[in-house]
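With mmCIF, C-alpha atoms inside, this is entry_5.cif:
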```cif
data_run
loop_
_atom_site.label_atom_id
_atom_site.label_comp_id
_atom_site.auth_asym_id
_atom_site.auth_seq_id
_atom_site.Cartn_x
_atom_site.Cartn_y
_atom_site.Cartn_z
CA MET A 1 106.56 92.47 89.68
CA GLU A 2 108.64 89.56 90.93
CA THR A 3 107.47 86.29 92.40
CA VAL A 4 109.23 84.44 95.20
CA GLU A 5 108.30 81.44 97.29
CA VAL A 6 107.94 81.88 101.03
CA ASN A 7 106.90 79.75 104.00
CA GLY A 8 104.51 80.67 106.77
CA SER A 9 101.14 79.97 108.32
CA THR A 10 100.10 83.61 108.47
CA VAL A 11 100.68 86.67 106.32
CA GLY A 12 103.07 87.96 108.98
CA GLY A 13 104.96 84.68 109.05
CA CYS A 14 105.33 84.79 105.28
CA LEU A 15 106.69 88.33 105.40
CA ASP A 16 109.17 87.31 108.09
CA ASN A 17 110.34 84.51 105.81
CA LEU A 18 110.53 86.95 102.91
CA THR A 19 112.70 89.42 104.83
CA LYS A 20 114.96 86.57 106.00
CA GLN A 21 115.51 85.65 102.35
CA PHE A 22 115.89 89.28 101.27
CA PRO A 23 116.96 91.41 104.26
CA ASP A 24 117.02 94.64 102.24
CA ILE A 25 113.27 94.39 101.75
CA LYS A 26 112.54 94.74 105.46
CA LYS A 27 112.91 98.52 105.55
CA MET A 28 110.63 98.77 102.50
CA LEU A 29 107.85 96.96 104.33
CA PHE A 30 108.25 97.69 108.04
CA SER A 31 108.88 100.73 110.19
CA LYS A 32 111.72 100.83 112.71
CA ASN A 33 109.34 99.59 115.42
CA GLY A 34 108.36 96.59 113.34
CA ARG A 35 104.93 97.76 112.15
CA LEU A 36 103.85 97.24 108.56
CA LEU A 37 104.14 100.57 106.75
CA ASN A 38 100.66 101.93 106.13
CA TYR A 39 101.34 102.47 102.45
CA VAL A 40 101.89 98.77 101.86
CA GLY A 41 98.79 96.84 100.89
CA ILE A 42 98.60 93.06 101.19
CA TYR A 43 96.30 90.89 99.12
CA VAL A 44 95.81 87.15 99.60
CA ASN A 45 94.69 85.32 96.47
CA GLY A 46 93.73 88.65 94.97
CA GLU A 47 91.69 89.86 97.92
CA ASP A 48 92.56 92.61 100.41
CA ALA A 49 93.95 91.03 103.59
CA TYR A 50 92.55 93.89 105.70
CA PRO A 51 91.23 93.41 108.34
CA GLY A 52 93.33 90.66 109.75
CA GLY A 53 96.43 91.84 108.00
CA LEU A 54 99.54 90.16 109.33
CA ALA A 55 97.53 87.72 111.47
CA LYS A 56 95.53 86.45 108.51
CA PRO A 57 96.09 82.71 108.08
CA VAL A 58 97.40 81.42 104.78
CA LYS A 59 97.68 77.91 103.38
CA ASP A 60 99.92 76.08 100.96
CA GLY A 61 99.58 77.47 97.45
CA ASP A 62 98.16 80.84 98.48
CA GLU A 63 99.42 83.90 96.62
CA LEU A 64 100.37 87.05 98.47
CA HIS A 65 100.46 90.29 96.54
CA LEU A 66 102.31 93.23 98.10
CA LEU A 67 101.26 96.57 96.70
CA TYR A 68 102.71 100.00 97.38
CA ILE A 69 100.45 103.02 97.18
CA ILE A 70 101.36 105.08 94.14
CA SER A 71 100.17 108.61 93.66
CA GLY A 72 101.56 110.05 90.46
CA GLY A 73 99.27 111.69 87.97
CA MET B 74 67.69 116.14 71.71
CA LEU B 75 70.64 115.42 69.39
CA THR B 76 71.22 117.67 66.40
CA LYS B 77 71.82 116.28 62.92
CA ASP B 78 75.53 117.04 63.27
CA GLU B 79 75.71 115.35 66.67
CA LYS B 80 74.08 112.22 65.27
CA GLU B 81 76.74 112.15 62.57
CA ARG B 82 79.63 113.09 64.84
CA TYR B 83 78.87 110.41 67.40
CA ASP B 84 77.51 107.84 64.95
CA ARG B 85 80.18 105.24 65.66
CA GLN B 86 79.38 105.14 69.36
CA ILE B 87 75.64 105.53 68.88
CA ILE B 88 75.56 102.35 66.80
CA MET B 89 77.21 100.37 69.59
CA ARG B 90 74.75 97.96 71.18
CA GLY B 91 73.50 99.32 74.46
CA PHE B 92 74.63 102.86 73.65
CA GLY B 93 72.22 104.38 71.13
CA GLU B 94 70.98 107.95 70.81
CA GLU B 95 69.66 107.60 74.34
CA GLY B 96 73.17 106.99 75.63
CA GLN B 97 74.53 109.88 73.62
CA GLU B 98 71.86 112.17 75.04
CA LYS B 99 72.93 111.12 78.52
CA LEU B 100 76.50 112.11 77.72
CA LYS B 101 75.30 115.42 76.31
CA GLN B 102 73.49 116.22 79.55
CA ALA B 103 76.35 115.02 81.75
CA LYS B 104 78.80 117.10 83.75
CA VAL B 105 82.23 115.70 84.58
CA VAL B 106 84.85 117.35 86.74
CA ILE B 107 88.46 116.37 86.11
CA ALA B 108 90.61 117.19 89.11
CA GLY B 109 94.00 117.79 87.55
CA GLY B 110 95.05 118.91 84.10
CA GLY B 111 98.29 117.00 83.77
CA GLY B 112 99.26 113.45 82.87
CA LEU B 113 95.98 111.76 83.74
CA GLY B 114 93.81 114.80 83.11
CA SER B 115 94.99 115.23 79.54
CA PRO B 116 93.91 111.88 78.05
CA SER B 117 90.75 111.62 80.13
CA ALA B 118 89.67 115.12 79.13
CA ILE B 119 90.46 114.51 75.48
CA TYR B 120 88.40 111.34 75.27
CA LEU B 121 85.51 112.63 77.33
CA ALA B 122 85.36 115.70 75.11
CA ALA B 123 85.59 113.54 72.00
CA ALA B 124 82.75 111.37 73.31
CA GLY B 125 80.52 114.41 73.72
CA VAL B 126 80.25 114.86 77.49
CA GLY B 127 78.24 118.06 77.72
CA THR B 128 80.22 119.90 80.39
CA ILE B 129 83.79 119.26 81.47
CA ARG B 130 85.36 121.22 84.31
CA ILE B 131 89.13 121.02 84.65
CA ILE B 132 90.76 122.09 87.90
CA ASP B 133 94.49 122.73 88.24
CA HIS B 134 96.62 125.44 89.80
CA ASP B 135 99.87 124.75 87.93
CA ARG B 136 101.57 126.39 85.01
CA VAL B 137 102.95 124.37 82.12
CA GLU B 138 106.63 123.43 82.49
CA LEU B 139 109.01 121.81 80.02
CA SER B 140 109.23 118.66 82.17
CA ASN B 141 105.46 118.19 81.81
CA LEU B 142 105.58 117.70 78.07
CA ASN B 143 106.58 114.00 78.00
CA ARG B 144 103.11 113.09 79.21
CA GLN B 145 100.73 116.01 79.56
CA ILE B 146 99.58 115.93 75.98
CA LEU B 147 97.11 118.80 76.23
CA HIS B 148 100.09 121.10 76.70
CA TRP B 149 102.60 121.91 73.99
CA ASP B 150 105.88 123.80 73.64
CA LYS B 151 104.03 127.06 72.99
CA ASP B 152 102.16 126.71 76.31
CA ILE B 153 105.20 126.73 78.61
CA GLY B 154 104.53 129.26 81.37
CA ARG B 155 100.79 129.30 80.76
CA ASN B 156 98.08 128.23 83.22
CA LYS B 157 97.39 124.57 82.58
CA VAL B 158 93.64 124.98 82.66
CA ASP B 159 93.73 127.71 80.01
CA SER B 160 96.06 125.62 77.83
CA ALA B 161 93.81 122.58 78.25
CA ALA B 162 90.60 124.49 77.61
CA GLU B 163 91.95 125.96 74.38
CA LYS B 164 92.74 122.52 72.92
CA LEU B 165 89.53 120.87 74.13
CA ARG B 166 87.35 123.64 72.67
CA GLN B 167 89.08 123.17 69.35
CA LEU B 168 88.65 119.40 69.59
CA ASN B 169 84.91 119.64 70.19
CA GLN B 170 83.07 122.95 70.00
CA GLY B 171 79.91 121.29 71.25
CA VAL B 172 81.33 120.63 74.71
CA LYS B 173 81.28 123.29 77.42
CA ILE B 174 84.74 123.50 78.98
CA GLU B 175 85.11 125.17 82.36
CA ALA B 176 88.66 126.08 83.35
CA ARG B 177 89.24 126.52 87.07
CA ASP B 178 92.69 127.77 87.99
CA GLU B 179 92.47 126.78 91.65
CA THR B 180 94.28 124.73 94.28
CA ILE B 181 92.01 122.08 95.70
CA ASN B 182 91.85 122.40 99.46
CA GLU B 183 89.55 121.58 102.37
CA ASP B 184 87.66 124.85 102.03
CA ASN B 185 86.83 124.74 98.33
CA VAL B 186 86.75 121.08 97.30
CA SER B 187 83.07 120.51 97.95
CA LYS B 188 82.08 123.66 96.09
CA LEU B 189 84.30 122.68 93.13
CA VAL B 190 82.65 119.29 92.65
CA ALA B 191 79.05 119.92 93.78
CA GLY B 192 76.48 119.46 91.04
CA PHE B 193 78.68 117.27 88.86
CA ASP B 194 77.86 113.72 87.85
CA VAL B 195 81.34 112.19 88.01
CA ILE B 196 84.72 113.17 89.41
CA VAL B 197 87.85 111.97 87.61
CA ASP B 198 90.91 111.72 89.85
CA ALA B 199 93.80 113.22 87.90
CA MET B 200 95.76 114.41 90.91
CA ASP B 201 99.47 113.93 91.51
CA ASN B 202 99.46 113.57 95.28
CA LEU B 203 97.65 111.54 97.91
CA PRO B 204 96.47 114.31 100.29
CA ALA B 205 94.50 115.93 97.45
CA ARG B 206 93.09 112.55 96.47
CA TYR B 207 91.84 112.03 100.00
CA LEU B 208 90.17 115.46 99.93
CA LEU B 209 88.44 114.55 96.69
CA ASN B 210 87.43 111.16 98.02
CA LYS B 211 85.84 112.75 101.04
CA ALA B 212 84.07 115.38 98.95
CA ALA B 213 82.82 112.71 96.57
CA ILE B 214 81.32 110.82 99.49
CA GLU B 215 79.79 113.92 101.07
CA ASN B 216 78.23 114.92 97.76
CA ARG B 217 77.42 111.33 96.73
CA ILE B 218 79.26 111.73 93.43
CA PRO B 219 80.99 108.74 91.78
CA PHE B 220 84.76 109.10 91.92
CA ILE B 221 87.10 107.40 89.47
CA HIS B 222 90.52 106.96 91.03
CA GLY B 223 93.65 106.71 88.92
CA ALA B 224 97.35 106.84 89.75
CA VAL B 225 100.64 106.20 87.96
CA TYR B 226 104.31 105.53 88.64
CA GLY B 227 106.83 104.68 85.94
CA LEU B 228 105.13 102.12 83.77
CA GLU B 229 102.64 101.12 86.45
CA GLY B 230 99.13 102.38 87.06
CA ARG B 231 95.99 101.79 89.11
CA VAL B 232 92.30 102.41 88.50
CA MET B 233 89.25 101.97 90.69
CA THR B 234 85.70 103.36 90.56
CA ILE B 235 84.05 104.48 93.77
CA ILE B 236 80.28 104.75 94.20
CA PRO B 237 79.82 106.55 97.53
CA GLY B 238 77.90 104.59 100.11
CA LYS B 239 77.84 101.48 97.98
CA THR B 240 81.40 100.42 97.24
CA ALA B 241 84.85 100.64 98.78
CA CYS B 242 86.21 104.17 98.71
CA LEU B 243 89.80 105.25 98.35
CA ARG B 244 90.26 105.42 102.12
CA CYS B 245 88.99 101.86 102.50
CA VAL B 246 91.90 100.77 100.34
CA TYR B 247 94.68 103.23 101.11
CA ARG B 248 95.14 103.90 104.78
CA GLY B 249 98.11 106.22 104.98
CA LEU B 250 100.34 108.72 103.27
CA ILE B 251 103.48 108.08 101.30
CA PRO B 252 106.68 110.09 101.32
CA GLN B 253 106.41 112.92 98.79
CA GLU B 254 108.86 112.54 95.93
CA LYS B 255 109.33 113.41 92.28
CA PHE B 256 107.72 110.44 90.60
CA PRO B 257 109.02 108.79 87.45
CA VAL B 258 106.50 108.36 84.63
CA VAL B 259 106.55 107.50 80.94
CA GLY B 260 103.78 109.31 79.06
CA VAL B 261 102.15 106.12 77.85
CA THR B 262 101.29 105.15 81.42
CA PRO B 263 98.89 108.02 82.20
CA ALA B 264 97.63 107.58 78.65
CA VAL B 265 96.51 104.04 79.49
CA ILE B 266 95.18 104.90 82.93
CA GLY B 267 93.52 108.16 81.85
CA CYS B 268 91.72 106.33 79.07
CA LEU B 269 90.58 103.62 81.48
CA GLN B 270 89.21 106.33 83.74
CA ALA B 271 87.38 107.95 80.81
CA THR B 272 86.01 104.51 79.91
CA GLU B 273 84.60 104.11 83.41
CA ALA B 274 83.09 107.59 83.30
CA ILE B 275 81.39 106.92 79.98
CA LYS B 276 80.07 103.56 81.16
CA TYR B 277 78.65 105.11 84.30
CA LEU B 278 77.02 108.01 82.49
CA VAL B 279 75.53 105.89 79.71
CA GLY B 280 74.59 103.09 82.11
CA ILE B 281 76.34 100.19 80.38
CA GLY B 282 78.82 97.52 81.34
CA THR B 283 80.18 96.58 84.74
CA LEU B 284 82.07 99.22 86.68
CA LEU B 285 85.44 98.70 88.30
CA THR B 286 83.93 98.83 91.78
CA ASN B 287 85.37 96.96 94.75
CA ARG B 288 88.16 96.09 92.35
CA LEU B 289 91.56 97.70 92.01
CA LEU B 290 92.95 97.27 88.52
CA VAL B 291 96.74 97.17 88.54
CA TYR B 292 98.48 97.79 85.24
CA GLU B 293 102.14 96.78 84.88
CA GLY B 294 103.52 98.02 81.60
CA LEU B 295 106.91 96.36 82.01
CA SER B 296 105.40 92.89 81.98
CA MET B 297 102.29 94.07 80.08
CA LYS B 298 100.07 92.54 82.70
CA PHE B 299 96.76 93.58 84.23
CA THR B 300 95.92 92.27 87.69
CA GLU B 301 92.59 92.70 89.41
CA LEU B 302 92.56 92.85 93.20
CA THR B 303 89.35 92.64 95.20
CA VAL B 304 88.93 95.38 97.78
CA ASN B 305 86.35 95.54 100.53
CA ARG B 306 84.43 98.36 102.10
CA ASP B 307 85.84 99.10 105.52
CA PRO B 308 82.93 99.55 107.94
CA ASN B 309 85.27 101.65 110.10
CA CYS B 310 86.49 103.79 107.21
CA GLU B 311 86.98 107.35 108.39
CA HIS B 312 85.59 108.66 105.09
CA CYS B 313 82.65 106.38 104.26
CA GLY B 314 82.12 104.19 107.33
CA HIS B 315 79.22 106.38 108.47
CA LEU B 316 77.35 105.42 105.29
CA ALA B 317 77.50 101.69 106.04
CA GLY B 318 74.00 100.25 105.91
CA LYS B 319 72.52 103.39 104.37
CA LYS B 320 71.31 103.75 100.77
#
```
Represent the structure of the file as C-alpha cells.
Amino acid sequence: METVEVNGSTVGGCLDNLTKQFPDIKKMLFSKNGRLLNYVGIYVNGEDAYPGGLAKPVKDGDELHLLYIISGG
Amino acid sequence: MLTKDEKERYDRQIIMRGFGEEGQEKLKQAKVVIAGGGGLGSPSAIYLAAAGVGTIRIIDHDRVELSNLNRQILHWDKDIGRNKVDSAAEKLRQLNQGVKIEARDETINEDNVSKLVAGFDVIVDAMDNLPARYLLNKAAIENRIPFIHGAVYGLEGRVMTIIPGKTACLRCVYRGLIPQEKFPVVGVTPAVIGCLQATEAIKYLVGIGTLLTNRLLVYEGLSMKFTELTVNRDPNCEHCGHLAGKK
C-alpha cells in the first residue's frame, strides 16, 4: 500500500487530483466512460464511502483508502 | 458428552477461559462446510479438524495439480491427479479420527449450492473466484447460515464474517465482478487468512469473543500491516436487502 497526498472537497475531487498526479492510475480506477470501476472500493477514514461514493464530502486530514476486490483462494 | 480421550486431546483449549468442556462439546456437535479444498480450504480444514469440529464437509471439483503445491498444504506430490476432496479427506481423517469428514467432489452452482450447505452451522469461503462466492453468499443468506469470507492475492488477504440478516453481507461490500485471471499467491498468505477464518468459525461455534462482522480485515504481508475497514449493510443489497428490519 502506498500513501499520497491529494486535494479535493469530495471523494471524486480527490480521485481527480490523484489521477492528475498519476495519470496511469486513471484506467485502474475508472471505465472509459468515466465511471468508477465497480470492483474498486473507497473507504473514508476507515469507513465504506458507499452510498455517496464520489460525491461524499471530505475534509482536511481525511484518509481515503482505495481497495480492489481480490478473489484468490 | 466428551470422552476421556477427548478431554485429554482438547485439554489445552478446554482450559482457556470462556471455552471449557461446554465449548468443546459445542464444537463436537458442530457442522462446518468448507467451500473449496485449495489454498484457503487447506489451513482452515486442518485447524477446524484439529480443534475437534464434529463434522467437516469439503466441497471442490478440482484435481490436484503441481502448481497447487506451493500453498494447498493438504495435497502432496503423491496426490497429483487425484480429486482434491479425496486427498484432503485422507489427511484430515489421519489428523483427527474423531472428526467426520465429508468429501463432496462437486462444482458449486445455482442448482446445488443451497442443498450443499443446508443443515450446516457455518460456511467457510475457500473459493477462488467471485461468482462462486456470490452464490455462496446468497445461499448463506437464504439458509441463514453464518458465512466467513476470505480471499487472497499475492501477500494480501481479506477476511470478514457475515451473519445473515444482521450484518453486512459480501454483496453489501463487493458490488461487481473482476476480470478473471491467474492470481499470484505465496502459500503463507492463505495460511494466514485460512487460520483467521478458522478462528472466526471456532469463536462463533463456541460463542466467545467478538466476530469480524461489519468489518473487513485487510492483511498486507509486504508491509506486515493489518487494517480494519468498517462496512455497512446496504438496505438495497440484492442479496440481503429483503432481510432489512427482520430478525
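Taken over the shown file, the PyMOL selection byres ((chain B and resi 246-249) around 8) identifies A:Asn38, A:Tyr39, A:Gly41, A:Ile69, B:Ala241, B:Cys242, B:Leu243, B:Arg244, B:Cys245, B:Leu250, B:Ile251, B:Val304, B:Asn305.
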All residues 6 Å or closer to region 172-189 of chain B, all atoms listed in the file, same chain fewer than 4 positions away omitted, as a list in words = Gly127, Thr128, Ile129, Arg130, Ile131, Ile132, Asp133, His134, Val158 and Ala212 of chain B
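Computed from the coordinates, the CA of Gly114 (chain B) to CA of Ala199 (chain B) distance equals 5.0 Å.
Minimum atom-to-atom distances from B:Tyr226, B:Tyr292, B:Tyr277, B:Tyr207 to chain A were compared using only C-alpha atoms, and the lowest value belongs to B:Tyr226.
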Evaluate the PyMOL selection byres ((chain A) within 12 of (chain B)) here and jot the selected residues down as a PyMOL selection string.
-> chain A and resi 1-2+28+36-51+63-73
Could you write those residues out with C-alpha atoms, as a PDB file, in the coordinates of the input?
```
ATOM      1  CA  MET A   1     106.560  92.470  89.680  1.00  0.00           C
ATOM      2  CA  GLU A   2     108.640  89.560  90.930  1.00  0.00           C
ATOM      3  CA  MET A  28     110.630  98.770 102.500  1.00  0.00           C
ATOM      4  CA  LEU A  36     103.850  97.240 108.560  1.00  0.00           C
ATOM      5  CA  LEU A  37     104.140 100.570 106.750  1.00  0.00           C
ATOM      6  CA  ASN A  38     100.660 101.930 106.130  1.00  0.00           C
ATOM      7  CA  TYR A  39     101.340 102.470 102.450  1.00  0.00           C
ATOM      8  CA  VAL A  40     101.890  98.770 101.860  1.00  0.00           C
ATOM      9  CA  GLY A  41      98.790  96.840 100.890  1.00  0.00           C
ATOM     10  CA  ILE A  42      98.600  93.060 101.190  1.00  0.00           C
ATOM     11  CA  TYR A  43      96.300  90.890  99.120  1.00  0.00           C
ATOM     12  CA  VAL A  44      95.810  87.150  99.600  1.00  0.00           C
ATOM     13  CA  ASN A  45      94.690  85.320  96.470  1.00  0.00           C
ATOM     14  CA  GLY A  46      93.730  88.650  94.970  1.00  0.00           C
ATOM     15  CA  GLU A  47      91.690  89.860  97.920  1.00  0.00           C
ATOM     16  CA  ASP A  48      92.560  92.610 100.410  1.00  0.00           C
ATOM     17  CA  ALA A  49      93.950  91.030 103.590  1.00  0.00           C
ATOM     18  CA  TYR A  50      92.550  93.890 105.700  1.00  0.00           C
ATOM     19  CA  PRO A  51      91.230  93.410 108.340  1.00  0.00           C
ATOM     20  CA  GLU A  63      99.420  83.900  96.620  1.00  0.00           C
ATOM     21  CA  LEU A  64     100.370  87.050  98.470  1.00  0.00           C
ATOM     22  CA  HIS A  65     100.460  90.290  96.540  1.00  0.00           C
ATOM     23  CA  LEU A  66     102.310  93.230  98.100  1.00  0.00           C
ATOM     24  CA  LEU A  67     101.260  96.570  96.700  1.00  0.00           C
ATOM     25  CA  TYR A  68     102.710 100.000  97.380  1.00  0.00           C
ATOM     26  CA  ILE A  69     100.450 103.020  97.180  1.00  0.00           C
ATOM     27  CA  ILE A  70     101.360 105.080  94.140  1.00  0.00           C
ATOM     28  CA  SER A  71     100.170 108.610  93.660  1.00  0.00           C
ATOM     29  CA  GLY A  72     101.560 110.050  90.460  1.00  0.00           C
ATOM     30  CA  GLY A  73      99.270 111.690  87.970  1.00  0.00           C
TER      31      GLY A  73
END
```
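Using only C-alpha atoms, every residue with an atom at most 9 Å from the point (90.4, 112.1, 79.4) is listed here: Ile107, Leu113, Gly114, Ser115, Pro116, Ser117, Ala118, Ile119, Tyr120, Leu121, Ala122, Ala123, Val197, Ala264, Gly267, Cys268, Leu269, Gln270, Ala271 and Thr272 of chain B.
Here CA of Glu5 (chain A) and CA of Asn17 (chain A) stand 9.3 Å from one another.
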Contact residues around Gln102 (chain B) with all atoms listed in the file at 10 Å, ignoring same-chain residues under 4 positions, as a VMD selection string | chain B and resid 74 97 to 98 125 to 128 194 278
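You will find CA of Val232 (chain B) at 11.8 Å from CA of Ala274 (chain B).
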Long-range neighbours of region 12-15 of chain A as number ranges by chain, 10 Å cut-off, only C-alpha atoms, 2 positions minimum in chain = A: 5-10, 17-21, 25-26, 29-30, 36, 53-58, 64, 66
Within 8 Å of Ile235 (chain B), counting all atoms listed in the file, which residues show up once you throw out same-chain ones fewer than 3 positions away? Write them as a VMD selection string, please.
-> chain B and resid 219 to 222 240 to 243 286 to 287
Take the residues from that selection and put them in a file with C-alpha atoms, as a PDB file, in the coordinates of the input.
```
ATOM      1  CA  PRO B 219      80.990 108.740  91.780  1.00  0.00           C
ATOM      2  CA  PHE B 220      84.760 109.100  91.920  1.00  0.00           C
ATOM      3  CA  ILE B 221      87.100 107.400  89.470  1.00  0.00           C
ATOM      4  CA  HIS B 222      90.520 106.960  91.030  1.00  0.00           C
ATOM      5  CA  THR B 240      81.400 100.420  97.240  1.00  0.00           C
ATOM      6  CA  ALA B 241      84.850 100.640  98.780  1.00  0.00           C
ATOM      7  CA  CYS B 242      86.210 104.170  98.710  1.00  0.00           C
ATOM      8  CA  LEU B 243      89.800 105.250  98.350  1.00  0.00           C
ATOM      9  CA  THR B 286      83.930  98.830  91.780  1.00  0.00           C
ATOM     10  CA  ASN B 287      85.370  96.960  94.750  1.00  0.00           C
TER      11      ASN B 287
END
```
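Considering all atoms listed in the file, the residue among B:Leu285, B:Val279, B:Leu316, B:Ala108 positioned nearest to Gly93 (chain B) is B:Val279.
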